[in-house]
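Asks: To be precise about what I am sending: the file is called target15.pdb and holds PDB, C-alpha atoms (C1' of nucleotides).
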ATOM      1  CA  MET A   8     197.084 -90.635  47.946
ATOM      2  CA  THR A   9     198.339 -91.218  44.419
ATOM      3  CA  ARG A  10     195.058 -90.800  42.614
ATOM      4  CA  LEU A  11     194.101 -87.367  43.820
ATOM      5  CA  ARG A  12     197.474 -86.024  43.068
ATOM      6  CA  GLU A  13     197.603 -86.929  39.426
ATOM      7  CA  ARG A  14     195.011 -84.239  38.833
ATOM      8  CA  GLU A  15     196.910 -81.476  40.547
ATOM      9  CA  TRP A  16     200.480 -82.286  40.084
ATOM     10  CA  ARG A  17     203.309 -82.699  37.717
ATOM     11  CA  LEU A  18     204.535 -86.158  38.515
ATOM     12  CA  SER A  19     208.273 -86.551  38.788
ATOM     13  CA  PRO A  20     210.311 -89.462  40.122
ATOM     14  CA  GLN A  21     211.351 -87.327  43.083
ATOM     15  CA  ARG A  22     207.799 -86.469  44.036
ATOM     16  CA  ARG A  23     206.657 -90.026  43.621
ATOM     17  CA  VAL A  24     209.379 -91.284  45.908
ATOM     18  CA  VAL A  25     208.603 -88.742  48.620
ATOM     19  CA  ALA A  26     204.932 -89.655  48.481
ATOM     20  CA  GLU A  27     205.730 -93.370  48.631
ATOM     21  CA  VAL A  28     207.966 -92.980  51.647
ATOM     22  CA  LEU A  29     205.080 -91.432  53.543
ATOM     23  CA  VAL A  30     202.658 -94.307  53.076
ATOM     24  CA  GLY A  31     201.675 -96.217  56.198
ATOM     25  CA  GLU A  32     200.207 -96.191  59.662
ATOM     26  CA  HIS A  33     201.696 -94.263  62.572
ATOM     27  CA  VAL A  34     204.164 -92.625  60.240
ATOM     28  CA  HIS A  35     205.612 -89.382  61.610
ATOM     29  CA  LEU A  36     208.881 -88.824  59.826
ATOM     30  CA  THR A  37     211.084 -85.767  59.967
ATOM     31  CA  ALA A  38     212.119 -84.136  56.700
ATOM     32  CA  GLU A  39     215.572 -85.567  57.158
ATOM     33  CA  GLN A  40     214.212 -89.075  57.659
ATOM     34  CA  VAL A  41     212.122 -88.671  54.547
ATOM     35  CA  HIS A  42     215.223 -87.542  52.704
ATOM     36  CA  ASP A  43     217.207 -90.576  53.860
ATOM     37  CA  LEU A  44     214.476 -93.031  52.925
ATOM     38  CA  ALA A  45     213.933 -91.308  49.606
ATOM     39  CA  ARG A  46     217.639 -91.529  48.826
ATOM     40  CA  ASP A  47     217.543 -95.279  49.338
ATOM     41  CA  ARG A  48     215.319 -95.402  46.268
ATOM     42  CA  LEU A  49     216.593 -92.399  44.362
ATOM     43  CA  PRO A  50     220.117 -91.500  45.446
ATOM     44  CA  GLU A  51     220.365 -88.131  43.703
ATOM     45  CA  ILE A  52     217.301 -86.578  45.332
ATOM     46  CA  SER A  53     218.164 -83.319  47.065
ATOM     47  CA  ARG A  54     217.183 -81.958  50.395
ATOM     48  CA  ALA A  55     215.581 -78.903  48.791
ATOM     49  CA  THR A  56     213.310 -81.045  46.654
ATOM     50  CA  VAL A  57     212.244 -83.077  49.652
ATOM     51  CA  TYR A  58     211.341 -79.926  51.531
ATOM     52  CA  ASN A  59     209.568 -78.443  48.524
ATOM     53  CA  THR A  60     207.593 -81.603  47.953
ATOM     54  CA  LEU A  61     206.644 -81.974  51.598
ATOM     55  CA  ASN A  62     205.377 -78.402  51.659
ATOM     56  CA  GLU A  63     203.337 -79.021  48.538
ATOM     57  CA  LEU A  64     201.814 -82.169  49.975
ATOM     58  CA  VAL A  65     200.886 -80.229  53.082
ATOM     59  CA  ALA A  66     199.369 -77.437  50.978
ATOM     60  CA  LEU A  67     197.342 -80.028  49.048
ATOM     61  CA  GLY A  68     196.070 -81.429  52.327
ATOM     62  CA  GLU A  69     197.610 -84.810  51.592
ATOM     63  CA  VAL A  70     199.820 -84.858  54.648
ATOM     64  CA  GLY A  71     199.706 -83.113  57.998
ATOM     65  CA  VAL A  72     202.445 -81.490  60.039
ATOM     66  CA  VAL A  73     203.048 -82.489  63.627
ATOM     67  CA  ASP A  74     205.230 -80.012  65.444
ATOM     68  CA  ILE A  75     205.255 -81.080  69.058
ATOM     69  CA  VAL A  76     208.726 -82.335  69.823
ATOM     70  CA  ASP A  77     212.371 -81.366  69.753
ATOM     71  CA  GLY A  78     212.533 -78.771  67.039
ATOM     72  CA  ALA A  79     211.965 -80.851  63.928
ATOM     73  CA  LYS A  80     208.601 -81.061  62.194
ATOM     74  CA  ARG A  81     207.096 -84.486  61.518
ATOM     75  CA  TYR A  82     205.018 -85.318  58.471
ATOM     76  CA  ASP A  83     201.908 -87.394  58.987
ATOM     77  CA  PRO A  84     200.115 -89.005  56.029
ATOM     78  CA  ASN A  85     197.053 -89.819  58.103
ATOM     79  CA  THR A  86     194.737 -86.945  57.254
ATOM     80  CA  ALA A  87     191.707 -89.124  56.694
ATOM     81  CA  GLU A  88     190.502 -89.243  60.282
ATOM     82  CA  ALA A  89     191.172 -86.647  62.951
ATOM     83  CA  HIS A  90     193.355 -87.970  65.716
ATOM     84  CA  ASP A  91     195.460 -86.880  68.658
ATOM     85  CA  HIS A  92     199.053 -87.806  69.446
ATOM     86  CA  LEU A  93     200.832 -89.596  72.239
ATOM     87  CA  VAL A  94     204.521 -88.740  72.357
ATOM     88  CA  CYS A  95     207.370 -90.337  74.271
ATOM     89  CA  GLU A  96     209.401 -87.655  76.021
ATOM     90  CA  THR A  97     212.470 -89.871  75.908
ATOM     91  CA  CYS A  98     212.762 -91.229  72.368
ATOM     92  CA  HIS A  99     210.286 -88.836  70.709
ATOM     93  CA  THR A 100     208.309 -91.495  68.919
ATOM     94  CA  ILE A 101     204.694 -90.652  68.304
ATOM     95  CA  ARG A 102     201.616 -92.842  68.438
ATOM     96  CA  ASP A 103     198.287 -91.859  66.940
ATOM     97  CA  VAL A 104     195.324 -91.717  69.293
ATOM     98  CA  PRO A 105     191.836 -91.942  67.814
ATOM     99  CA  ARG A 106     189.452 -89.332  69.119
ATOM    100  CA  ALA A 107     186.840 -90.642  71.454
ATOM    101  CA  GLY A 108     184.310 -89.085  73.778
ATOM    102  CA  THR A 109     183.833 -85.364  74.118
ATOM    103  CA  ARG A 110     186.439 -82.873  73.103
ATOM    104  CA  PRO A 111     187.571 -80.192  75.529
ATOM    105  CA  THR A 112     186.075 -76.764  74.937
ATOM    106  CA  VAL A 113     186.905 -73.231  75.953
ATOM    107  CA  PRO A 114     184.573 -71.815  78.635
ATOM    108  CA  LYS A 115     182.336 -69.083  77.210
ATOM    109  CA  ARG A 116     183.732 -66.398  79.556
ATOM    110  CA  VAL A 117     187.249 -67.057  78.350
ATOM    111  CA  ARG A 118     186.338 -67.424  74.685
ATOM    112  CA  ASP A 119     184.863 -63.919  74.621
ATOM    113  CA  GLY A 120     184.772 -63.121  70.926
ATOM    114  CA  PHE A 121     187.540 -65.541  69.997
ATOM    115  CA  LEU A 122     186.500 -67.842  67.157
ATOM    116  CA  VAL A 123     187.773 -71.326  67.991
ATOM    117  CA  THR A 124     188.346 -73.455  64.909
ATOM    118  CA  GLY A 125     190.245 -76.446  66.252
ATOM    119  CA  VAL A 126     191.711 -78.256  69.210
ATOM    120  CA  ASP A 127     194.988 -80.128  69.336
ATOM    121  CA  VAL A 128     195.504 -82.638  72.110
ATOM    122  CA  VAL A 129     198.958 -83.983  72.839
ATOM    123  CA  TYR A 130     199.523 -86.658  75.444
ATOM    124  CA  ARG A 131     203.052 -86.890  76.802
ATOM    125  CA  GLY A 132     204.699 -89.739  78.617
ATOM    126  CA  VAL A 133     207.122 -92.617  78.367
ATOM    127  CA  CYS A 134     206.743 -95.426  75.875
ATOM    128  CA  PRO A 135     207.051 -99.080  76.975
ATOM    129  CA  ASP A 136     210.500 -99.493  75.390
ATOM    130  CA  CYS A 137     211.953 -96.452  77.111
ATOM    131  CA  ALA A 138     210.372 -97.384  80.434
ATOM    132  CA  ARG A 139     211.980-100.811  80.202
ATOM    133  CA  ARG A 140     215.354 -99.373  79.257
ATOM    134  CA  HIS A 141     215.113 -96.968  82.151
ATOM    135  CA  ARG A 142     214.386 -99.787  84.633
ATOM    136  CA  ALA A 143     217.283-101.826  83.220
ATOM    137  CA  GLY A 144     219.522 -98.799  83.635
ATOM    138  CA  ARG A 145     218.720 -98.410  87.333
ATOM    139  CA  LYS A 146     219.267-102.078  88.071
ATOM    140  CA  ARG A 147     222.727-102.194  86.496
TER     141      ARG A 147
ATOM    142  CA  MET B  20     209.354 -65.770  91.931
ATOM    143  CA  THR B  21     212.174 -63.850  93.524
ATOM    144  CA  ARG B  22     212.089 -65.604  96.868
ATOM    145  CA  LEU B  23     212.595 -69.174  95.696
ATOM    146  CA  ARG B  24     215.438 -68.198  93.494
ATOM    147  CA  GLU B  25     217.610 -66.587  96.089
ATOM    148  CA  ARG B  26     218.233 -70.059  97.505
ATOM    149  CA  GLU B  27     219.371 -71.579  94.254
ATOM    150  CA  TRP B  28     220.892 -68.836  92.301
ATOM    151  CA  ARG B  29     223.648 -66.364  91.998
ATOM    152  CA  LEU B  30     221.762 -63.101  91.598
ATOM    153  CA  SER B  31     223.076 -60.778  88.919
ATOM    154  CA  PRO B  32     221.528 -57.638  87.445
ATOM    155  CA  GLN B  33     221.015 -59.501  84.166
ATOM    156  CA  ARG B  34     219.143 -62.355  85.761
ATOM    157  CA  ARG B  35     217.047 -60.040  87.848
ATOM    158  CA  VAL B  36     216.010 -58.069  84.791
ATOM    159  CA  VAL B  37     215.059 -61.171  82.819
ATOM    160  CA  ALA B  38     212.968 -62.399  85.725
ATOM    161  CA  GLU B  39     211.277 -59.024  86.118
ATOM    162  CA  VAL B  40     210.369 -58.817  82.457
ATOM    163  CA  LEU B  41     208.492 -62.088  82.780
ATOM    164  CA  VAL B  42     206.193 -60.996  85.593
ATOM    165  CA  GLY B  43     202.519 -60.743  84.741
ATOM    166  CA  GLU B  44     199.352 -62.389  83.495
ATOM    167  CA  HIS B  45     198.989 -63.818  80.000
ATOM    168  CA  VAL B  46     202.665 -63.245  79.345
ATOM    169  CA  HIS B  47     204.051 -65.376  76.517
ATOM    170  CA  LEU B  48     207.142 -63.613  75.272
ATOM    171  CA  THR B  49     209.661 -64.915  72.780
ATOM    172  CA  ALA B  50     213.322 -64.881  73.762
ATOM    173  CA  GLU B  51     213.852 -61.955  71.438
ATOM    174  CA  GLN B  52     211.037 -59.994  73.036
ATOM    175  CA  VAL B  53     212.501 -60.721  76.448
ATOM    176  CA  HIS B  54     215.846 -59.502  75.183
ATOM    177  CA  ASP B  55     214.341 -56.252  73.881
ATOM    178  CA  LEU B  56     212.445 -55.547  77.080
ATOM    179  CA  ALA B  57     215.466 -56.448  79.169
ATOM    180  CA  ARG B  58     217.625 -54.063  77.172
ATOM    181  CA  ASP B  59     215.246 -51.212  77.951
ATOM    182  CA  ARG B  60     216.326 -51.594  81.554
ATOM    183  CA  LEU B  61     219.872 -52.857  81.092
ATOM    184  CA  PRO B  62     221.198 -51.912  77.657
ATOM    185  CA  GLU B  63     224.343 -54.065  77.717
ATOM    186  CA  ILE B  64     222.570 -57.383  78.337
ATOM    187  CA  SER B  65     223.468 -59.931  75.684
ATOM    188  CA  ARG B  66     221.339 -62.362  73.778
ATOM    189  CA  ALA B  67     223.347 -65.302  75.105
ATOM    190  CA  THR B  68     222.699 -64.311  78.692
ATOM    191  CA  VAL B  69     218.995 -63.967  78.031
ATOM    192  CA  TYR B  70     218.887 -67.451  76.534
ATOM    193  CA  ASN B  71     220.997 -68.904  79.328
ATOM    194  CA  THR B  72     218.821 -67.300  81.973
ATOM    195  CA  LEU B  73     215.589 -68.395  80.343
ATOM    196  CA  ASN B  74     216.830 -71.961  80.180
ATOM    197  CA  GLU B  75     217.792 -71.848  83.834
ATOM    198  CA  LEU B  76     214.414 -70.481  84.839
ATOM    199  CA  VAL B  77     212.786 -73.284  82.887
ATOM    200  CA  ALA B  78     215.043 -75.858  84.552
ATOM    201  CA  LEU B  79     214.142 -74.437  87.957
ATOM    202  CA  GLY B  80     210.469 -74.764  87.081
ATOM    203  CA  GLU B  81     209.929 -71.026  87.450
ATOM    204  CA  VAL B  82     208.736 -70.522  83.911
ATOM    205  CA  GLY B  83     207.208 -72.768  81.286
ATOM    206  CA  VAL B  84     207.873 -73.080  77.583
ATOM    207  CA  VAL B  85     205.071 -72.817  75.073
ATOM    208  CA  ASP B  86     206.110 -74.065  71.674
ATOM    209  CA  ILE B  87     202.983 -74.075  69.572
ATOM    210  CA  VAL B  88     203.386 -71.362  66.966
ATOM    211  CA  ASP B  89     205.621 -70.153  64.195
ATOM    212  CA  GLY B  90     209.022 -71.462  65.194
ATOM    213  CA  ALA B  91     209.861 -69.322  68.191
ATOM    214  CA  LYS B  92     209.419 -70.571  71.744
ATOM    215  CA  ARG B  93     207.396 -68.489  74.190
ATOM    216  CA  TYR B  94     208.165 -68.214  77.877
ATOM    217  CA  ASP B  95     205.255 -68.365  80.274
ATOM    218  CA  PRO B  96     205.704 -67.342  83.932
ATOM    219  CA  ASN B  97     202.373 -68.829  84.954
ATOM    220  CA  THR B  98     203.429 -72.198  86.335
ATOM    221  CA  ALA B  99     201.303 -71.931  89.449
ATOM    222  CA  GLU B 100     198.105 -73.347  87.976
ATOM    223  CA  ALA B 101     197.878 -75.731  85.056
ATOM    224  CA  HIS B 102     196.216 -74.153  82.064
ATOM    225  CA  ASP B 103     195.679 -74.632  78.365
ATOM    226  CA  HIS B 104     196.279 -72.169  75.560
ATOM    227  CA  LEU B 105     194.148 -70.486  72.940
ATOM    228  CA  VAL B 106     196.197 -69.185  70.028
ATOM    229  CA  CYS B 107     195.279 -66.873  67.193
ATOM    230  CA  GLU B 108     196.395 -68.376  63.884
ATOM    231  CA  THR B 109     196.692 -64.910  62.394
ATOM    232  CA  CYS B 110     198.598 -62.753  64.876
ATOM    233  CA  HIS B 111     199.950 -65.562  67.065
ATOM    234  CA  THR B 112     198.892 -64.054  70.345
ATOM    235  CA  ILE B 113     198.148 -66.524  73.083
ATOM    236  CA  ARG B 114     195.455 -66.475  75.738
ATOM    237  CA  ASP B 115     195.550 -68.688  78.821
ATOM    238  CA  VAL B 116     192.593 -70.994  79.343
ATOM    239  CA  PRO B 117     191.929 -72.308  82.850
ATOM    240  CA  ARG B 118     191.273 -76.017  82.974
ATOM    241  CA  ALA B 119     187.709 -76.969  83.655
ATOM    242  CA  GLY B 120     185.749 -80.194  83.540
ATOM    243  CA  THR B 121     187.318 -83.505  82.678
ATOM    244  CA  ARG B 122     190.535 -83.820  80.812
ATOM    245  CA  PRO B 123     190.768 -86.006  77.743
ATOM    246  CA  THR B 124     192.362 -89.403  78.297
ATOM    247  CA  VAL B 125     193.935 -92.069  76.132
ATOM    248  CA  PRO B 126     191.750 -95.171  75.658
ATOM    249  CA  LYS B 127     193.226 -98.191  77.468
ATOM    250  CA  ARG B 128     193.631-100.191  74.246
ATOM    251  CA  VAL B 129     195.729 -97.464  72.719
ATOM    252  CA  ARG B 130     197.698 -96.700  75.860
ATOM    253  CA  ASP B 131     198.985-100.253  76.043
ATOM    254  CA  GLY B 132     202.012 -99.957  78.311
ATOM    255  CA  PHE B 133     202.609 -96.305  77.580
ATOM    256  CA  LEU B 134     202.884 -94.260  80.775
ATOM    257  CA  VAL B 135     200.983 -91.036  80.223
ATOM    258  CA  THR B 136     202.259 -88.167  82.379
ATOM    259  CA  GLY B 137     200.552 -85.130  80.922
ATOM    260  CA  VAL B 138     198.174 -83.669  78.395
ATOM    261  CA  ASP B 139     198.587 -80.433  76.485
ATOM    262  CA  VAL B 140     195.518 -78.883  74.949
ATOM    263  CA  VAL B 141     195.862 -76.132  72.376
ATOM    264  CA  TYR B 142     192.845 -74.354  70.977
ATOM    265  CA  ARG B 143     193.364 -72.622  67.652
ATOM    266  CA  GLY B 144     191.290 -69.918  66.055
ATOM    267  CA  VAL B 145     191.032 -66.233  65.295
ATOM    268  CA  CYS B 146     191.108 -63.554  67.962
ATOM    269  CA  PRO B 147     188.497 -60.769  67.988
ATOM    270  CA  ASP B 148     190.969 -58.159  66.705
ATOM    271  CA  CYS B 149     192.037 -60.245  63.731
ATOM    272  CA  ALA B 150     188.451 -61.214  62.928
ATOM    273  CA  ARG B 151     187.498 -57.540  62.891
ATOM    274  CA  ARG B 152     190.472 -56.614  60.728
ATOM    275  CA  HIS B 153     189.576 -59.407  58.346
ATOM    276  CA  ARG B 154     185.998 -58.196  58.010
ATOM    277  CA  ALA B 155     187.169 -54.632  57.422
ATOM    278  CA  GLY B 156     189.514 -55.925  54.724
ATOM    279  CA  ARG B 157     186.727 -57.660  52.783
ATOM    280  CA  LYS B 158     184.430 -54.647  52.959
ATOM    281  CA  ARG B 159     187.028 -52.240  51.585
TER     282      ARG B 159
ATOM    283  C1'  DT C 213     239.838 -65.235  96.100
ATOM    284  C1'  DT C 214     237.462 -68.176  93.763
ATOM    285  C1'  DT C 215     233.810 -69.820  91.275
ATOM    286  C1'  DA C 216     230.198 -68.636  88.440
ATOM    287  C1'  DC C 217     228.339 -65.550  85.266
ATOM    288  C1'  DT C 218     228.725 -62.307  81.163
ATOM    289  C1'  DG C 219     229.475 -60.818  76.386
ATOM    290  C1'  DC C 220     231.067 -61.693  71.978
ATOM    291  C1'  DA C 221     231.302 -64.187  67.960
ATOM    292  C1'  DA C 222     231.169 -68.247  65.728
ATOM    293  C1'  DA C 223     228.753 -72.534  65.239
ATOM    294  C1'  DC C 224     224.546 -75.032  64.926
ATOM    295  C1'  DC C 225     220.177 -77.112  63.214
ATOM    296  C1'  DG C 226     216.139 -77.207  60.594
ATOM    297  C1'  DT C 227     214.348 -74.907  56.809
ATOM    298  C1'  DT C 228     213.958 -71.695  52.766
ATOM    299  C1'  DT C 229     215.543 -69.420  48.656
ATOM    300  C1'  DG C 230     217.980 -67.837  44.190
ATOM    301  C1'  DC C 231     219.560 -69.463  40.313
ATOM    302  C1'  DA C 232     221.291 -72.179  36.405
ATOM    303  C1'  DG C 233     220.264 -76.315  34.285
ATOM    304  C1'  DT C 234     216.981 -80.091  33.270
ATOM    305  C1'  DT C 235     212.718 -82.492  32.508
ATOM    306  C1'  DC C 236     207.948 -83.224  31.906
ATOM    307  C1'  DC C 237     203.736 -82.510  29.069
TER     308       DC C 237
ATOM    309  C1'  DG D 173     208.835 -75.186  23.251
ATOM    310  C1'  DG D 174     207.809 -73.543  27.355
ATOM    311  C1'  DA D 175     206.502 -73.805  31.963
ATOM    312  C1'  DA D 176     207.551 -76.320  35.872
ATOM    313  C1'  DC D 177     210.658 -78.935  38.418
ATOM    314  C1'  DT D 178     215.470 -80.224  40.207
ATOM    315  C1'  DG D 179     219.999 -79.714  42.519
ATOM    316  C1'  DC D 180     223.318 -76.948  44.492
ATOM    317  C1'  DA D 181     224.907 -73.806  47.646
ATOM    318  C1'  DA D 182     224.214 -69.928  50.111
ATOM    319  C1'  DA D 183     221.162 -67.585  53.391
ATOM    320  C1'  DC D 184     218.075 -67.730  57.037
ATOM    321  C1'  DG D 185     215.964 -67.468  61.954
ATOM    322  C1'  DG D 186     216.153 -69.252  66.369
ATOM    323  C1'  DT D 187     219.163 -71.146  69.593
ATOM    324  C1'  DT D 188     223.567 -72.923  71.638
ATOM    325  C1'  DT D 189     228.443 -72.932  72.656
ATOM    326  C1'  DG D 190     233.640 -71.842  73.475
ATOM    327  C1'  DC D 191     236.296 -68.751  75.369
ATOM    328  C1'  DA D 192     238.494 -64.786  77.540
ATOM    329  C1'  DG D 193     237.223 -61.377  80.745
ATOM    330  C1'  DT D 194     234.394 -59.772  84.846
ATOM    331  C1'  DA D 195     231.901 -59.790  88.984
ATOM    332  C1'  DA D 196     229.137 -62.033  92.850
ATOM    333  C1'  DA D 197     229.840 -64.254  97.184
TER     334       DA D 197
END
Go ahead and render the structure in this file as structure tokens.

Replies:
Amino acid sequence: MTRLREREWRLSPQRRVVAEVLVGEHVHLTAEQVHDLARDRLPEISRATVYNTLNELVALGEVGVVDIVDGAKRYDPNTAEAHDHLVCETCHTIRDVPRAGTRPTVPKRVRDGFLVTGVDVVYRGVCPDCARRHRAGRKR
Amino acid sequence: MTRLREREWRLSPQRRVVAEVLVGEHVHLTAEQVHDLARDRLPEISRATVYNTLNELVALGEVGVVDIVDGAKRYDPNTAEAHDHLVCETCHTIRDVPRAGTRPTVPKRVRDGFLVTGVDVVYRGVCPDCARRHRAGRKR
DNA sequence: TTTACTGCAAACCGTTTGCAGTTCC
DNA sequence: GGAACTGCAAACGGTTTGCAGTAAA
């Protein structure tokens, strides 16, 4: 992540911190979460700079945007391998799902001149934690 | 659409108009578009009422929400048969895609206690009109 | 008559933008 | 030194909400 950028980018403390916050597996932070985490390391960083930096990282292809739940975009540093998402309808956490087997396709009759360039698959459900909490709730 | 509702709902001119606007095939209107069309028939109808009514129709299961492009939710009256969506990245129009063949599933290892209740598939690409316009643009 | 719905306007949330000041190269 | 970046605050687009008034049953 760091390497590539040094060739394209003016490196500022703010940008470094935003990039660092996004390192990891199964990371799908909202802009606000990124801002909070970034402020832990660099208290003066502004919301505008976080948004600007996130948009630049997206434009550079360094992070992806996941916009499948509750209004707020999530930023996903895993652009290396294509993957789908499994989202909990209750707590809105997201789990990455590696792609396996055949991908769904649009039947020829329906496609009809439409150039299809990609497919997004989103699985929805209830995560183990929320399922447990829900069971506990009923019992009480 | 009308029938079911009469058992659940207080029927007002505003609500009737919103419901009527949403009748049809391949209908994926934004709230604002619904408001505009509704005003053609009932000029005094307010934005708030349109939003309230749309939310009620969604809660009743009479219409679905499609939230896959450019910030604004689309309202989809086709809840009878499950279908996927094909969206043009350029003009943001949406085409319904009937489901055929097998649906993608989450590998057991990844699922791991997560209860999966649904899968959304979104195909992205360029519609014939936009592709044509794009070609014309290059030629010029 | 009563309860539920409407319209208005203000509030809201996530995000973007204009601008003056600052920093990186 | 100059272009590029930052922070602030205001503006934005889509959506929701509080409230006083109105209308469906």

Asks: Would you please work out which residue, of B:Gly90, B:Gly80, B:Pro62, B:Pro126, is nearest to chain D when using all atoms listed in the file?

Replies: B:Gly90

Asks: Hey, what comes out of the PyMOL selection byres ((chain D) within 10 of (chain A)) on this file? Could you write it as a PyMOL selection string?

Replies: chain D and resi 176-180

Asks: Could you make a table, as JSON lines, of the residues of chain B that have an atom within 10 Å of an atom of chain A, each with its nearest atom pair and distance in Å to one decimal, counting only C-alpha atoms, in chain and number order?

Replies:
{"residue": "B:Asp86", "atom": "CA", "partner": "A:Ile75", "partner_atom": "CA", "distance": 7.5}
{"residue": "B:Ile87", "atom": "CA", "partner": "A:Ile75", "partner_atom": "CA", "distance": 7.4}
{"residue": "B:Val88", "atom": "CA", "partner": "A:Asp74", "partner_atom": "CA", "distance": 9.0}
{"residue": "B:Asp89", "atom": "CA", "partner": "A:Asp74", "partner_atom": "CA", "distance": 9.9}
{"residue": "B:Gly90", "atom": "CA", "partner": "A:Gly78", "partner_atom": "CA", "distance": 8.3}
{"residue": "B:Ala91", "atom": "CA", "partner": "A:Gly78", "partner_atom": "CA", "distance": 9.9}
{"residue": "B:Lys92", "atom": "CA", "partner": "A:Gly78", "partner_atom": "CA", "distance": 10.0}
{"residue": "B:Asp103", "atom": "CA", "partner": "A:Val113", "partner_atom": "CA", "distance": 9.2}
{"residue": "B:His104", "atom": "CA", "partner": "A:Val113", "partner_atom": "CA", "distance": 9.4}
{"residue": "B:Leu105", "atom": "CA", "partner": "A:Val123", "partner_atom": "CA", "distance": 8.1}
{"residue": "B:Val106", "atom": "CA", "partner": "A:Val123", "partner_atom": "CA", "distance": 8.9}
{"residue": "B:Cys107", "atom": "CA", "partner": "A:Phe121", "partner_atom": "CA", "distance": 8.3}
{"residue": "B:Glu108", "atom": "CA", "partner": "A:Thr124", "partner_atom": "CA", "distance": 9.6}
{"residue": "B:Arg114", "atom": "CA", "partner": "A:Val117", "partner_atom": "CA", "distance": 8.6}
{"residue": "B:Asp115", "atom": "CA", "partner": "A:Val117", "partner_atom": "CA", "distance": 8.5}
{"residue": "B:Val116", "atom": "CA", "partner": "A:Val117", "partner_atom": "CA", "distance": 6.7}
{"residue": "B:Pro117", "atom": "CA", "partner": "A:Val117", "partner_atom": "CA", "distance": 8.4}
{"residue": "B:Arg118", "atom": "CA", "partner": "A:Val113", "partner_atom": "CA", "distance": 8.7}
{"residue": "B:Ala119", "atom": "CA", "partner": "A:Pro114", "partner_atom": "CA", "distance": 7.8}
{"residue": "B:Gly120", "atom": "CA", "partner": "A:Pro111", "partner_atom": "CA", "distance": 8.2}
{"residue": "B:Thr121", "atom": "CA", "partner": "A:Pro111", "partner_atom": "CA", "distance": 7.9}
{"residue": "B:Arg122", "atom": "CA", "partner": "A:Pro111", "partner_atom": "CA", "distance": 7.1}
{"residue": "B:Pro123", "atom": "CA", "partner": "A:Pro111", "partner_atom": "CA", "distance": 7.0}
{"residue": "B:Thr124", "atom": "CA", "partner": "A:Tyr130", "partner_atom": "CA", "distance": 8.2}
{"residue": "B:Val125", "atom": "CA", "partner": "A:Val104", "partner_atom": "CA", "distance": 7.0}
{"residue": "B:Pro126", "atom": "CA", "partner": "A:Ala107", "partner_atom": "CA", "distance": 7.9}
{"residue": "B:Arg128", "atom": "CA", "partner": "A:Val104", "partner_atom": "CA", "distance": 10.0}
{"residue": "B:Val129", "atom": "CA", "partner": "A:Val104", "partner_atom": "CA", "distance": 6.7}
{"residue": "B:Arg130", "atom": "CA", "partner": "A:Leu93", "partner_atom": "CA", "distance": 8.6}
{"residue": "B:Asp131", "atom": "CA", "partner": "A:Pro135", "partner_atom": "CA", "distance": 8.2}
{"residue": "B:Gly132", "atom": "CA", "partner": "A:Pro135", "partner_atom": "CA", "distance": 5.3}
{"residue": "B:Phe133", "atom": "CA", "partner": "A:Cys134", "partner_atom": "CA", "distance": 4.6}
{"residue": "B:Leu134", "atom": "CA", "partner": "A:Val133", "partner_atom": "CA", "distance": 5.1}
{"residue": "B:Val135", "atom": "CA", "partner": "A:Gly132", "partner_atom": "CA", "distance": 4.3}
{"residue": "B:Thr136", "atom": "CA", "partner": "A:Gly132", "partner_atom": "CA", "distance": 4.8}
{"residue": "B:Gly137", "atom": "CA", "partner": "A:Arg131", "partner_atom": "CA", "distance": 5.1}
{"residue": "B:Val138", "atom": "CA", "partner": "A:Tyr130", "partner_atom": "CA", "distance": 4.4}
{"residue": "B:Asp139", "atom": "CA", "partner": "A:Val129", "partner_atom": "CA", "distance": 5.1}
{"residue": "B:Val140", "atom": "CA", "partner": "A:Val128", "partner_atom": "CA", "distance": 4.7}
{"residue": "B:Val141", "atom": "CA", "partner": "A:Asp127", "partner_atom": "CA", "distance": 5.1}
{"residue": "B:Tyr142", "atom": "CA", "partner": "A:Val126", "partner_atom": "CA", "distance": 4.4}
{"residue": "B:Arg143", "atom": "CA", "partner": "A:Gly125", "partner_atom": "CA", "distance": 5.1}
{"residue": "B:Gly144", "atom": "CA", "partner": "A:Val123", "partner_atom": "CA", "distance": 4.3}
{"residue": "B:Val145", "atom": "CA", "partner": "A:Leu122", "partner_atom": "CA", "distance": 5.2}
{"residue": "B:Cys146", "atom": "CA", "partner": "A:Phe121", "partner_atom": "CA", "distance": 4.6}
{"residue": "B:Pro147", "atom": "CA", "partner": "A:Phe121", "partner_atom": "CA", "distance": 5.3}
{"residue": "B:Asp148", "atom": "CA", "partner": "A:Phe121", "partner_atom": "CA", "distance": 8.8}
{"residue": "B:Cys149", "atom": "CA", "partner": "A:Phe121", "partner_atom": "CA", "distance": 9.4}
{"residue": "B:Ala150", "atom": "CA", "partner": "A:Leu122", "partner_atom": "CA", "distance": 8.1}

Asks: At a cut-off of 9 Å, list the chain C residues touching chain B, using all atoms listed in the file, as a PyMOL selection string.

Replies: chain C and resi 216-220

Asks: Using atom CA of A:Arg139 and atom CA of A:Gly31 as the two end points, give the distance in Å to one decimal.

Replies: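 Distance between the two atoms: 26.5 Å.
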
Asks: To box stretch 50-65 of chain B, take all atoms listed in the file, fit an axis-aligned box, add 4 Å on each side, and give centre and edge lengths in Å to one decimal, as JSON.

Replies:
{"center_x": 217.7, "center_y": -58.0, "center_z": 76.5, "size_x": 21.3, "size_y": 21.7, "size_z": 18.1}

Asks: Give me the result of the PyMOL selection byres ((chain C and resi 227) around 8) on this file, residue by residue, as a list in words.

Replies: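 On this input, the PyMOL selection byres ((chain C and resi 227) around 8) captures Tyr58 of chain A; DG226 and DT228 of chain C.
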
Asks: How many Å separate atom CA of A:Arg81 from atom CA of A:Thr97?

Replies: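 Atom CA of A:Thr97 lies 16.3 Å from atom CA of A:Arg81.
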